Structures are given as C-alpha cells and as structure tokens.
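Data block for coords-v6.pdb (PDB, C-alpha atoms and all ligand atoms):
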ATOM      1  CA  MET M   1      74.698 273.664 285.676
ATOM      2  CA  ILE M   2      71.927 273.714 288.279
ATOM      3  CA  ILE M   3      73.082 274.156 291.896
ATOM      4  CA  VAL M   4      70.439 274.095 294.626
ATOM      5  CA  LEU M   5      70.916 275.079 298.263
ATOM      6  CA  GLY M   6      68.910 272.790 300.500
ATOM      7  CA  GLY M   7      68.555 271.091 303.851
ATOM      8  CA  GLN M   8      65.877 270.904 306.507
ATOM      9  CA  LYS M   9      67.151 273.449 309.016
ATOM     10  CA  GLY M  10      66.636 277.197 308.886
ATOM     11  CA  GLY M  11      69.478 279.626 309.415
ATOM     12  CA  THR M  12      72.224 277.278 308.191
ATOM     13  CA  GLY M  13      73.434 279.625 305.461
ATOM     14  CA  LYS M  14      71.468 278.515 302.383
ATOM     15  CA  SER M  15      70.642 282.051 301.258
ATOM     16  CA  THR M  16      74.081 283.374 302.180
ATOM     17  CA  THR M  17      75.767 280.631 300.162
ATOM     18  CA  ALA M  18      73.387 281.042 297.191
ATOM     19  CA  ILE M  19      73.977 284.795 297.071
ATOM     20  CA  ASN M  20      77.740 284.565 297.447
ATOM     21  CA  LEU M  21      77.902 281.877 294.754
ATOM     22  CA  ALA M  22      75.885 284.117 292.417
ATOM     23  CA  VAL M  23      78.278 287.007 293.046
ATOM     24  CA  GLU M  24      81.383 284.855 292.628
ATOM     25  CA  TYR M  25      80.191 283.269 289.357
ATOM     26  CA  LEU M  26      79.319 286.734 288.005
ATOM     27  CA  ARG M  27      82.779 287.927 289.025
ATOM     28  CA  LEU M  28      84.244 284.968 287.113
ATOM     29  CA  GLY M  29      82.349 286.090 284.006
ATOM     30  CA  LYS M  30      79.634 283.408 283.989
ATOM     31  CA  SER M  31      76.041 284.051 283.076
ATOM     32  CA  VAL M  32      74.054 283.422 286.244
ATOM     33  CA  ALA M  33      70.383 283.013 287.141
ATOM     34  CA  LEU M  34      69.249 283.063 290.759
ATOM     35  CA  VAL M  35      65.900 281.599 291.782
ATOM     36  CA  ASP M  36      64.353 282.530 295.114
ATOM     37  CA  ALA M  37      62.093 279.591 295.974
ATOM     38  CA  ASP M  38      61.735 280.573 299.628
ATOM     39  CA  PRO M  39      58.661 282.588 300.701
ATOM     40  CA  GLN M  40      60.932 284.290 303.269
ATOM     41  CA  GLY M  41      62.470 286.120 300.309
ATOM     42  CA  THR M  42      66.038 286.639 301.548
ATOM     43  CA  ALA M  43      67.468 286.408 298.030
ATOM     44  CA  THR M  44      64.757 288.757 296.745
ATOM     45  CA  THR M  45      65.681 291.412 299.291
ATOM     46  CA  TRP M  46      69.361 291.014 298.452
ATOM     47  CA  VAL M  47      68.820 291.341 294.704
ATOM     48  CA  ASP M  48      66.674 294.479 295.223
ATOM     49  CA  THR M  49      69.395 295.982 297.404
ATOM     50  CA  ALA M  50      72.106 295.100 294.862
ATOM     51  CA  ALA M  51      70.114 296.601 291.981
ATOM     52  CA  GLU M  52      69.398 299.794 293.918
ATOM     53  CA  ALA M  53      73.082 300.170 294.770
ATOM     54  CA  GLY M  54      74.064 299.582 291.137
ATOM     55  CA  HIS M  55      75.997 296.370 291.853
ATOM     56  CA  PRO M  56      76.079 293.451 289.396
ATOM     57  CA  THR M  57      73.017 291.211 289.713
ATOM     58  CA  PRO M  58      72.165 287.814 288.285
ATOM     59  CA  VAL M  59      69.046 287.218 286.229
ATOM     60  CA  PHE M  60      66.500 286.833 288.992
ATOM     61  CA  ILE M  61      63.305 284.836 289.359
ATOM     62  CA  ARG M  62      61.078 284.515 292.380
ATOM     63  CA  GLU M  63      59.039 281.317 292.231
ATOM     64  CA  THR M  64      57.784 279.271 295.153
ATOM     65  CA  LYS M  65      55.528 276.716 293.430
ATOM     66  CA  ALA M  66      57.025 273.254 293.017
ATOM     67  CA  GLU M  67      55.218 272.413 289.776
ATOM     68  CA  VAL M  68      56.386 275.646 288.123
ATOM     69  CA  LEU M  69      59.964 275.211 289.369
ATOM     70  CA  MET M  70      60.180 271.736 287.777
ATOM     71  CA  ASP M  71      59.887 273.358 284.326
ATOM     72  CA  ARG M  72      61.358 276.778 284.962
ATOM     73  CA  ILE M  73      64.703 275.655 286.460
ATOM     74  CA  PRO M  74      65.722 273.477 283.467
ATOM     75  CA  GLU M  75      64.632 276.253 281.066
ATOM     76  CA  LEU M  76      66.914 278.689 282.889
ATOM     77  CA  ALA M  77      69.746 276.157 282.666
ATOM     78  CA  ASP M  78      69.430 276.188 278.861
ATOM     79  CA  GLU M  79      70.039 279.946 278.876
ATOM     80  CA  HIS M  80      72.662 280.361 281.628
ATOM     81  CA  ASP M  81      75.976 278.817 282.674
ATOM     82  CA  ILE M  82      74.856 278.580 286.285
ATOM     83  CA  VAL M  83      71.393 278.409 287.855
ATOM     84  CA  LEU M  84      71.310 278.802 291.642
ATOM     85  CA  VAL M  85      68.176 277.929 293.603
ATOM     86  CA  ASP M  86      67.730 279.179 297.168
ATOM     87  CA  LEU M  87      65.298 276.755 298.809
ATOM     88  CA  PRO M  88      63.002 277.076 301.816
ATOM     89  CA  SER M  89      64.029 275.130 304.909
ATOM     90  CA  GLU M  90      61.096 272.706 304.921
ATOM     91  CA  LEU M  91      61.701 269.357 303.278
ATOM     92  CA  GLY M  92      58.510 269.669 301.244
ATOM     93  CA  GLN M  93      57.473 269.546 297.606
ATOM     94  CA  VAL M  94      59.640 272.517 296.635
ATOM     95  CA  GLN M  95      62.877 270.906 297.835
ATOM     96  CA  ARG M  96      61.850 267.592 296.248
ATOM     97  CA  ALA M  97      61.134 269.230 292.887
ATOM     98  CA  ALA M  98      64.389 271.182 292.908
ATOM     99  CA  LEU M  99      66.514 268.151 293.802
ATOM    100  CA  VAL M 100      64.986 266.134 290.995
ATOM    101  CA  VAL M 101      66.097 268.652 288.346
ATOM    102  CA  ALA M 102      69.414 269.688 289.980
ATOM    103  CA  ASP M 103      72.948 268.695 288.999
ATOM    104  CA  VAL M 104      74.329 269.603 292.411
ATOM    105  CA  VAL M 105      72.789 270.028 295.845
ATOM    106  CA  ILE M 106      74.724 271.868 298.549
ATOM    107  CA  LEU M 107      73.585 271.331 302.129
ATOM    108  CA  PRO M 108      74.928 274.125 304.348
ATOM    109  CA  CYS M 109      75.251 272.990 307.938
ATOM    110  CA  GLY M 110      76.652 274.275 311.206
ATOM    111  CA  ALA M 111      79.863 272.631 312.381
ATOM    112  CA  SER M 112      78.705 271.145 315.694
ATOM    113  CA  ALA M 113      78.196 267.411 315.984
ATOM    114  CA  ALA M 114      74.500 267.929 316.770
ATOM    115  CA  GLU M 115      73.971 269.954 313.608
ATOM    116  CA  MET M 116      75.854 267.419 311.532
ATOM    117  CA  TRP M 117      73.793 264.535 312.950
ATOM    118  CA  ALA M 118      70.658 266.466 312.070
ATOM    119  CA  LEU M 119      71.614 266.075 308.405
ATOM    120  CA  THR M 120      69.999 262.634 308.358
ATOM    121  CA  GLU M 121      66.650 263.854 307.059
ATOM    122  CA  SER M 122      68.357 265.816 304.311
ATOM    123  CA  THR M 123      70.385 262.768 303.302
ATOM    124  CA  ASP M 124      67.135 260.827 302.989
ATOM    125  CA  LEU M 125      65.860 263.497 300.634
ATOM    126  CA  VAL M 126      69.023 263.222 298.520
ATOM    127  CA  LYS M 127      68.613 259.463 298.395
ATOM    128  CA  GLU M 128      64.995 259.825 297.327
ATOM    129  CA  ALA M 129      65.857 262.369 294.617
ATOM    130  CA  ARG M 130      68.525 260.066 293.168
ATOM    131  CA  ASN M 131      65.857 257.604 292.160
ATOM    132  CA  PRO M 132      64.659 259.781 289.275
ATOM    133  CA  ASN M 133      67.947 261.773 289.226
ATOM    134  CA  PRO M 134      70.840 259.280 289.669
ATOM    135  CA  ASN M 135      73.587 261.786 288.760
ATOM    136  CA  LEU M 136      72.703 264.261 291.527
ATOM    137  CA  MET M 137      75.937 265.274 293.267
ATOM    138  CA  ALA M 138      75.656 266.254 296.932
ATOM    139  CA  PHE M 139      77.936 268.283 299.197
ATOM    140  CA  VAL M 140      77.851 269.534 302.765
ATOM    141  CA  VAL M 141      79.439 272.901 303.482
ATOM    142  CA  GLN M 142      80.027 273.807 307.099
ATOM    143  CA  THR M 143      79.039 277.422 307.708
ATOM    144  CA  ARG M 144      79.149 279.966 310.543
ATOM    145  CA  VAL M 145      82.040 277.974 311.944
ATOM    146  CA  GLN M 146      83.311 279.448 315.228
ATOM    147  CA  ARG M 147      86.771 277.953 314.970
ATOM    148  CA  ALA M 148      88.129 275.603 312.369
ATOM    149  CA  THR M 149      86.872 272.151 313.249
ATOM    150  CA  LYS M 150      86.929 268.930 311.362
ATOM    151  CA  ALA M 151      83.769 266.965 310.824
ATOM    152  CA  GLY M 152      84.344 263.726 312.744
ATOM    153  CA  LYS M 153      85.826 261.062 310.541
ATOM    154  CA  SER M 154      83.011 258.609 311.220
ATOM    155  CA  LEU M 155      80.443 261.209 310.199
ATOM    156  CA  ARG M 156      82.374 261.990 307.013
ATOM    157  CA  ASP M 157      82.525 258.271 306.301
ATOM    158  CA  ASP M 158      78.785 257.846 306.942
ATOM    159  CA  LEU M 159      77.985 260.735 304.622
ATOM    160  CA  ALA M 160      80.432 259.410 302.017
ATOM    161  CA  ALA M 161      78.588 256.097 302.147
ATOM    162  CA  TRP M 162      75.461 258.039 301.163
ATOM    163  CA  GLY M 163      77.376 259.648 298.295
ATOM    164  CA  ILE M 164      77.583 262.998 300.067
ATOM    165  CA  THR M 165      80.921 264.787 300.347
ATOM    166  CA  VAL M 166      81.766 267.173 303.191
ATOM    167  CA  LEU M 167      83.770 269.983 301.613
ATOM    168  CA  PHE M 168      87.143 270.598 303.177
ATOM    169  CA  GLN M 169      86.769 274.388 302.947
ATOM    170  CA  GLN M 170      84.569 275.738 305.749
ATOM    171  CA  LEU M 171      82.925 279.147 305.972
ATOM    172  CA  ILE M 172      83.944 280.833 309.199
ATOM    173  CA  ASN M 173      81.472 282.940 311.200
ATOM    174  CA  ARG M 174      82.407 286.412 309.959
ATOM    175  CA  VAL M 175      80.644 289.744 310.083
ATOM    176  CA  ALA M 176      81.695 290.193 306.433
ATOM    177  CA  TYR M 177      78.966 287.749 305.327
ATOM    178  CA  ARG M 178      76.301 289.871 306.985
ATOM    179  CA  ASP M 179      77.771 293.186 305.840
ATOM    180  CA  ALA M 180      78.142 292.022 302.235
ATOM    181  CA  MET M 181      74.548 290.779 302.126
ATOM    182  CA  ALA M 182      73.262 294.056 303.588
ATOM    183  CA  ALA M 183      75.223 296.026 300.973
ATOM    184  CA  GLY M 184      73.917 294.010 298.015
ATOM    185  CA  LEU M 185      77.340 292.461 297.480
ATOM    186  CA  GLY M 186      79.112 289.176 298.155
ATOM    187  CA  VAL M 187      82.255 288.705 300.207
ATOM    188  CA  THR M 188      84.333 288.322 297.033
ATOM    189  CA  THR M 189      83.298 291.780 295.790
ATOM    190  CA  MET M 190      83.100 293.721 299.050
ATOM    191  CA  PRO M 191      86.103 295.931 299.804
ATOM    192  CA  GLY M 192      87.974 294.961 302.971
ATOM    193  CA  ALA M 193      86.628 291.401 303.232
ATOM    194  CA  ASP M 194      89.888 289.740 302.167
ATOM    195  CA  GLU M 195      89.801 286.722 304.490
ATOM    196  CA  ALA M 196      86.188 285.920 303.725
ATOM    197  CA  ALA M 197      86.797 286.455 300.008
ATOM    198  CA  LYS M 198      89.744 284.069 300.102
ATOM    199  CA  GLU M 199      87.803 281.299 301.830
ATOM    200  CA  PHE M 200      84.776 281.689 299.585
ATOM    201  CA  SER M 201      86.833 281.614 296.368
ATOM    202  CA  SER M 202      88.596 278.502 297.678
ATOM    203  CA  LEU M 203      85.220 276.891 298.307
ATOM    204  CA  VAL M 204      84.218 277.433 294.676
ATOM    205  CA  VAL M 205      87.563 276.101 293.434
ATOM    206  CA  GLU M 206      87.233 273.005 295.630
ATOM    207  CA  LEU M 207      83.645 272.430 294.510
ATOM    208  CA  HIS M 208      84.650 272.477 290.856
ATOM    209  CA  SER M 209      87.664 270.247 291.288
ATOM    210  CA  ARG M 210      85.429 267.709 293.049
ATOM    211  CA  LEU M 211      82.731 268.017 290.384
ATOM    212  CA  GLU M 212      85.310 267.260 287.679
ATOM    213  CA  GLY M 213      86.629 264.338 289.719
ATOM    214  CA  GLN M 214      83.151 262.846 290.116
ATOM    215  CA  GLU M 215      82.338 263.282 286.440
ATOM    216  CA  HIS M 216      85.522 261.377 285.568
ATOM    217  CA  GLU M 217      84.536 258.632 287.981
ATOM    218  CA  ASP M 218      81.150 258.389 286.292
ATOM    219  CA  ALA M 219      82.827 258.166 282.892
ATOM    220  CA  ASP M 220      85.083 255.255 283.982
TER
HETATM  221  N1  LIG N 301      79.608 282.451 307.559
HETATM  222  C1  LIG N 301      78.761 283.295 308.183
HETATM  223  N2  LIG N 301      79.234 284.195 309.061
HETATM  224  C2  LIG N 301      78.402 285.047 309.701
HETATM  225  N3  LIG N 301      77.081 285.066 309.554
HETATM  226  C3  LIG N 301      76.539 284.192 308.673
HETATM  227  C4  LIG N 301      77.338 283.261 307.950
HETATM  228  N4  LIG N 301      76.507 282.527 307.165
HETATM  229  C5  LIG N 301      75.261 282.967 307.417
HETATM  230  N5  LIG N 301      75.260 283.966 308.314
HETATM  231  C6  LIG N 301      74.095 284.698 308.868
HETATM  232  O1  LIG N 301      73.229 283.746 309.464
HETATM  233  C7  LIG N 301      71.873 284.075 309.226
HETATM  234  C8  LIG N 301      71.174 282.910 308.518
HETATM  235  O2  LIG N 301      71.770 282.698 307.263
HETATM  236  P1  LIG N 301      70.902 282.414 305.957
HETATM  237  O3  LIG N 301      71.850 282.336 304.816
HETATM  238  O4  LIG N 301      69.787 283.395 305.844
HETATM  239  O5  LIG N 301      70.347 280.959 306.312
HETATM  240  P2  LIG N 301      69.167 280.112 305.632
HETATM  241  O6  LIG N 301      68.953 280.673 304.261
HETATM  242  O7  LIG N 301      69.675 278.698 305.602
HETATM  243  O8  LIG N 301      67.968 280.243 306.532
HETATM  244  C9  LIG N 301      71.894 285.360 308.408
HETATM  245  O9  LIG N 301      71.725 286.430 309.281
HETATM  246  C10 LIG N 301      73.283 285.385 307.803
HETATM  247  O10 LIG N 301      73.731 286.692 307.591
HETATM  248 MG    MG N 302      67.230 281.374 303.384
END
If you took the structure in this file and wrote it as structure tokens, what would it be?
Ligand SMILES: Nc1ncnc2c1ncn2[C@@H]1O[C@H](COP(=O)(O)OP(=O)(O)O)[C@@H](O)[C@H]1O
Ligand SMILES: [Mg+2]
Amino acid sequence: MIIVLGGQKGGTGKSTTAINLAVEYLRLGKSVALVDADPQGTATTWVDTAAEAGHPTPVFIRETKAEVLMDRIPELADEHDIVLVDLPSELGQVQRAALVVADVVILPCGASAAEMWALTESTDLVKEARNPNPNLMAFVVQTRVQRATKAGKSLRDDLAAWGITVLFQQLINRVAYRDAMAAGLGVTTMPGADEAAKEFSSLVVELHSRLEGQEHEDAD
C-alpha cells in the first residue's frame, strides 16, 4: 500500500507523520519503505540519525524528481507492505506524480479554522489526481493541536463531499514528537512518550478501519 503525505502548506506535520507511520508499521512487523521526496530532507536526516543510533529503520530512498518517482514508488510497493512518501510542500509536479500512483493521501493540517479553509488547494489536487487514479483515498489529520477541537461540521461535510475524510483522532502538540524525531525514533518506540504513543497508535487503527470500510463500499 502506498501512503503519501501531502498538502500545500509547510510545517503542517507531513514529515513527522511520515516518520511516525514508518516507525509504527515497523513496530507492527510490516516491511516498510520510506521515500524522501522533499529537497528539505527532513526524513533523510531522521533516517541517518536512527541508523547511527542503531534504531530500526525502513528501507530508505531519497528521490525528488517527479518522473523517477512515478516508476520508483510502484516498484517499491511490489517489494514492501507499506511505502510512505514524504512530499515537499509545493503543489508541483512531485505532489501530482505521487498522488497519481498513491493508494492513500494523508493531508496533515493544523486545527484552526483558517488552516482548515486553506485545504482548498490541496482538495483540488486530490480531485485532479482522481481523474487518472479514481481509487485514491484521502484523509485529513489535524496535527499540532493545542487543545482537542472538532473540525466544524460544515467543513467536515464540505470535505466529505470531496471524498476526503477528516480523521477523528487528532495529534496533539507534544514535545514528544520533536524529541522522538531528534532521537531517530517515533513516539510509539520512544520510552516515556505514553500519551503520544497511544494517540498515534489509535490514528493508525482508525486509518485502517476506515480503509477497510471504504474498500467494502467500493466492492458493493
Ligand atoms: N504533534 C506535534 N507536536 C509537536 N510538534 C510537532 C507536531 N507535529 C509536528 N511538529 C513539529 O512541527 C515542525 C514541522 O513539522 P514537519 O513534520 O517537519 O512539517 P512538514 O513536513 O509538513 O513541513 C517540526 O519541528 C515538528 O517537530
Ligand atoms: Mg517535511
């Protein structure tokens, strides 16, 4: 399964989510490949840190060219249970290419109304990608949340109308996410990060229950 982390804003938690998903899937015994498609190289730095510290690492590829990614991502999916792609924040050719080959796109987003409204451009990109890739499943995860908030119902409904689901489980603003990244770990493997670990595991469980639900809908 190919899961890409996208969206047009920087600093929303794409790399953090990609890295923590890689760690959690490894912890669950899956074979995992992580692709760093962002010239900023956050995932590259993390994987170097993890390897140096002797922590488990996914198979890792750094590739920032759209035309190479189009071929390389599906090849990786033949060899691994999970392929995660950490995308740059610009809605350019790289995001387009990745969304066309993906099974799932996750759009991390802050929890404020303004940040949620700013998802519009990303939803356009999802819509565009579904032309060649009609089965693309799309989710919003609210990250760096200051206090548990609910995405306004009308916004959830608007996004649902676009075929984009806002995940119920939010990721709270916690120092554990920064500490885990700096240590070459994820929150589900870092000692003492129990609350963060719990919320992140729940996010993965929710994602998979929704993926199964949507596949059943497609089969009906
Ligand atoms: N849930 C969170 N709690 C605390 N800090 C977070 C959280 N998610 C992300 N961050 C921090 O926010 C910054 C931006 O996150 P990052 O994942 O690099 O965003 P992006 O890849 O979308 O640009 C990083 O310093 C990261 O450690
Ligand atoms: Mg990033």
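Pocket residues of ligand MG 302 (chain N), taken as those with any atom at most 10 Å away using all atoms listed in the file, are M:Leu5, M:Gly6, M:Lys9, M:Gly10, M:Gly11, M:Thr12, M:Gly13, M:Lys14, M:Ser15, M:Thr16, M:Thr17, M:Ala18, M:Ile19, M:Asp36, M:Ala37, M:Asp38, M:Pro39, M:Gln40, M:Gly41, M:Thr42, M:Ala43, M:Asp86, M:Leu87, M:Pro88, M:Ser89.
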For this session: Name the residues, using the chain letters and numbers of the file, that sit within 10 Å of (72.5, 268.1, 300.8) when counting all atoms listed in the file, and give them as a PyMOL selection string.
Result: chain M and resi 4-8+99+104-109+119-127+137-141+159+164-166
For this session: Show which residues sit within 9 Å of Glu199 of chain M, as an MDAnalysis selection string. Count only C-alpha atoms, and ignore same-chain residues fewer than 2 positions away.
Result: chainID M and resid 169:172 194:197 201:204
Exercise. So how many Å separate atom CA of Gly163 of chain M and atom O3 of ligand LIG 301 (chain N), to one decimal?
Worked result: 24.2 Å
For this session: Find the residue from M:Ala111, M:Ala160, M:Met70, M:Ala53 that sits nearest to ligand LIG 301 (chain N); use only C-alpha atoms and all ligand atoms when measuring.
Result: M:Ala111
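All protein and nucleic acid residues in the vicinity of (76.2, 290.0, 292.4), that is within 8 Å when counting only C-alpha atoms, are Ile19, Asn20, Ala22, Val23, Glu24, Leu26, Arg27, Val47, Ala50, His55, Pro56, Thr57, Pro58, Gly184, Leu185 and Gly186 of chain M.
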Exercise. Can you list, as JSON, numbers by chain, every protein, DNA or RNA residue that comes within 7 Å of Asp103 of chain M when you count all atoms listed in the file, leaving out same-chain residues fewer than 3 positions away?
Worked result: {"M": [1, 2, 3, 135, 136, 137]}
Dump of C-alpha atoms for the selected residues, as a short mmCIF file (atom, residue, chain, number, x, y, z; two decimals), keeping the file's coordinate frame:
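Saved as out.cif:
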data_model
loop_
_atom_site.label_atom_id
_atom_site.label_comp_id
_atom_site.auth_asym_id
_atom_site.auth_seq_id
_atom_site.Cartn_x
_atom_site.Cartn_y
_atom_site.Cartn_z
CA MET M 1 74.70 273.66 285.68
CA ILE M 2 71.93 273.71 288.28
CA ILE M 3 73.08 274.16 291.90
CA ASN M 135 73.59 261.79 288.76
CA LEU M 136 72.70 264.26 291.53
CA MET M 137 75.94 265.27 293.27
#
Give the centre and edge lengths of an axis-aligned box, in Å to one decimal, that holds all listed atoms of ligand LIG 301 (chain N) with 8 Å on each side, as JSON.
{"center_x": 73.8, "center_y": 282.7, "center_z": 307.0, "size_x": 27.6, "size_y": 24.0, "size_z": 21.4}
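Computed from the coordinates, the atom CA of Val83 of chain M to atom CA of Lys65 of chain M distance equals 16.9 Å.
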For this session: For each of M:Asp179, M:Glu206, M:Glu212, M:Glu79, take the minimum atom-to-atom distance to ligand LIG 301 (chain N), counting only C-alpha atoms and all ligand atoms, then give the residue where this is smallest.
Result: M:Asp179
For this session: Using all atoms listed in the file, determine which residues lie at most 8 Å from Asn173 of chain M, disregarding the query and same-chain residues fewer than 5 positions distant; provide the list as a ChimeraX atom specification.
Result: /M:143-146
For this session: Rank M:Gln214, M:Thr44, M:Thr189, M:Ser154 by their smallest atom-to-atom distance to ligand LIG 301 (chain N), using only C-alpha atoms and all ligand atoms, and report the top residue only.
Result: M:Thr44
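Separating atom CA of Gly54 of chain M from atom CA of Ala182 of chain M is a distance of 13.6 Å.
Among the candidates M:Thr64, M:Thr45, M:Gln93, M:Asn131, the residue lying nearest to ligand LIG 301 (chain N) is M:Thr45 (atoms considered: only C-alpha atoms and all ligand atoms).
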Exercise. When distances are computed from only C-alpha atoms and all ligand atoms, which of M:Asp157, M:Asp78, M:Glu128, M:Glu90 shows the smallest separation from ligand LIG 301 (chain N)?
Worked result: M:Glu90
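Selection by the PyMOL selection byres (((chain M and resi 31) around 7) and not hetatm) on the present file picks out Leu26, Gly29, Lys30, Val32, His80, Asp81 and Ile82 of chain M.
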Seminar exercise, completed: Shortest contact to ligand LIG 301 (chain N), candidates M:Arg130, M:Lys153, M:Arg178, M:Arg62, atoms counted all atoms listed in the file, goes to M:Arg178
